[in-house]
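A quick write-up on the structure given underneath.
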Amino acid sequence: MLKAELPHLWPHIEKFVGGKTEYSDRAIRQLLGSRPDAVITDLVNIGLLEALRGSSGRISYRIPFLYRSGLDLSQGRQQ
């Protein structure tokens, strides 16, 4: 369904298939490749990612439960 509704973002969304449910800022930038800021913003805006700020001030990203099964994600954090 995401592929049909958001074909322009699908190449980026597809990178999460079979991955983890939470990503450090560094890990998500490595996953998304060069110039990830606009992609991260788009994925947050559509609700695929939730940005979290830890007590240390570091940002991490979590994929909501709604998408986890469809993307075949396993519980855990990608550092």
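Going by the structure tokens order, chains are called A, B, ..., each with residues numbered from 1, while ligands are numbered from 1 in the order shown.
Those residues that approach Phe65 in chain A to within 10 Å, counting only C-alpha atoms, are Thr21, Leu48 and Leu73 of chain A; same-chain residues fewer than 6 positions away are not listed.
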Note to self: List as a ChimeraX atom specification the protein and nucleic acid residues near range 11-17 of chain A, meaning an atom at most 8 Å away when only C-alpha atoms are counted, but skip any in the same chain fewer than 4 places from it.
What the structure shows: /A:7,31-32,39,71-73
Could you pull out the strand (DSSP E) residues of chain A from DSSP and send them as a list in words?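 Residues meeting the strand (DSSP E) criterion: Lys20, Thr21, Glu22, Tyr23, Ser24, Glu50, Ala51, Leu52, Arg53, Ile59, Ser60, Tyr61, Arg62, Ser74, Gln75, Gly76, Arg77 and Gln78 of chain A.
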Residue among A:Met1, A:Leu66, A:His8, A:Gln78 lying closest to Ile28 in chain A, counting only C-alpha atoms: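 When distances to Ile28 in chain A are compared using only C-alpha atoms, the smallest one comes from A:Gln78.
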(message) Can you measure CA of Pro36 in chain A to CA of Ser69 in chain A for me? One decimal in Å is fine.
(response)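 That distance, rounded to one decimal, is 24.4 Å.
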So which residues touch Arg77 in chain A within 8 Å, counting only C-alpha atoms, skipping near sequence neighbours fewer than 2 positions away, as a PyMOL selection string? chain A and resi 20-24+75+79
Report task. One decimal, Å: what's the distance from CA of Trp10 in chain A over to CA of Arg53 in chain A, could you say? Result ->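 Distance between the two atoms: 25.9 Å.
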Spatial neighbours of Leu49 in chain A, 8 Å, only C-alpha atoms, chain gap at least 6 places, as a PDB file with N, CA, C and O atoms, in the first residue's frame:
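out14.pdb, written as the output of this step:
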ATOM      1  N   ILE A  40      14.523  12.069   5.586  1.00  0.00           N
ATOM      2  CA  ILE A  40      14.110  11.886   6.983  1.00  0.00           C
ATOM      3  C   ILE A  40      12.912  12.767   7.285  1.00  0.00           C
ATOM      4  O   ILE A  40      11.926  12.312   7.878  1.00  0.00           O
ATOM      5  N   LEU A  43       9.813  11.253   5.701  1.00  0.00           N
ATOM      6  CA  LEU A  43       9.365  10.039   6.388  1.00  0.00           C
ATOM      7  C   LEU A  43       8.737  10.345   7.745  1.00  0.00           C
ATOM      8  O   LEU A  43       7.791   9.677   8.164  1.00  0.00           O
ATOM      9  N   TYR A  61      15.201   7.495  15.933  1.00  0.00           N
ATOM     10  CA  TYR A  61      13.965   7.369  15.159  1.00  0.00           C
ATOM     11  C   TYR A  61      13.361   5.993  15.389  1.00  0.00           C
ATOM     12  O   TYR A  61      14.076   4.990  15.440  1.00  0.00           O
ATOM     13  N   ARG A  62      12.039   5.959  15.516  1.00  0.00           N
ATOM     14  CA  ARG A  62      11.320   4.712  15.739  1.00  0.00           C
ATOM     15  C   ARG A  62      10.232   4.576  14.685  1.00  0.00           C
ATOM     16  O   ARG A  62       9.597   5.554  14.304  1.00  0.00           O
ATOM     17  N   ILE A  63      10.018   3.352  14.242  1.00  0.00           N
ATOM     18  CA  ILE A  63       8.950   3.067  13.291  1.00  0.00           C
ATOM     19  C   ILE A  63       7.735   2.620  14.093  1.00  0.00           C
ATOM     20  O   ILE A  63       7.828   1.694  14.902  1.00  0.00           O
ATOM     21  N   PRO A  64       6.593   3.291  13.914  1.00  0.00           N
ATOM     22  CA  PRO A  64       5.385   2.952  14.683  1.00  0.00           C
ATOM     23  C   PRO A  64       4.913   1.518  14.430  1.00  0.00           C
ATOM     24  O   PRO A  64       5.169   0.930  13.376  1.00  0.00           O
TER      25      PRO A  64
END
**OP:** Can you list, as a ChimeraX atom specification, all residues belonging to chain A that DSSP tags as alpha helix (DSSP H)?
**Re:** /A:2-5,10-13,25-32,37-45,65-68
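Atom pair CA of Thr41 in chain A / CA of Ser55 in chain A has a distance of 21.8 Å (rounded to one decimal).
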*For Val44 in chain A, which of A:Ser60, A:Arg68, A:Ala4, A:Ala27 is the closest residue, counting only C-alpha atoms?*
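Selected residue with least distance to Val44 in chain A: A:Ser60.
Between Asp25 in chain A and the residues A:Gly47, A:Gly70, A:Gly54, A:Gly76, the shortest atom-to-atom distance, using only C-alpha atoms, involves A:Gly54.
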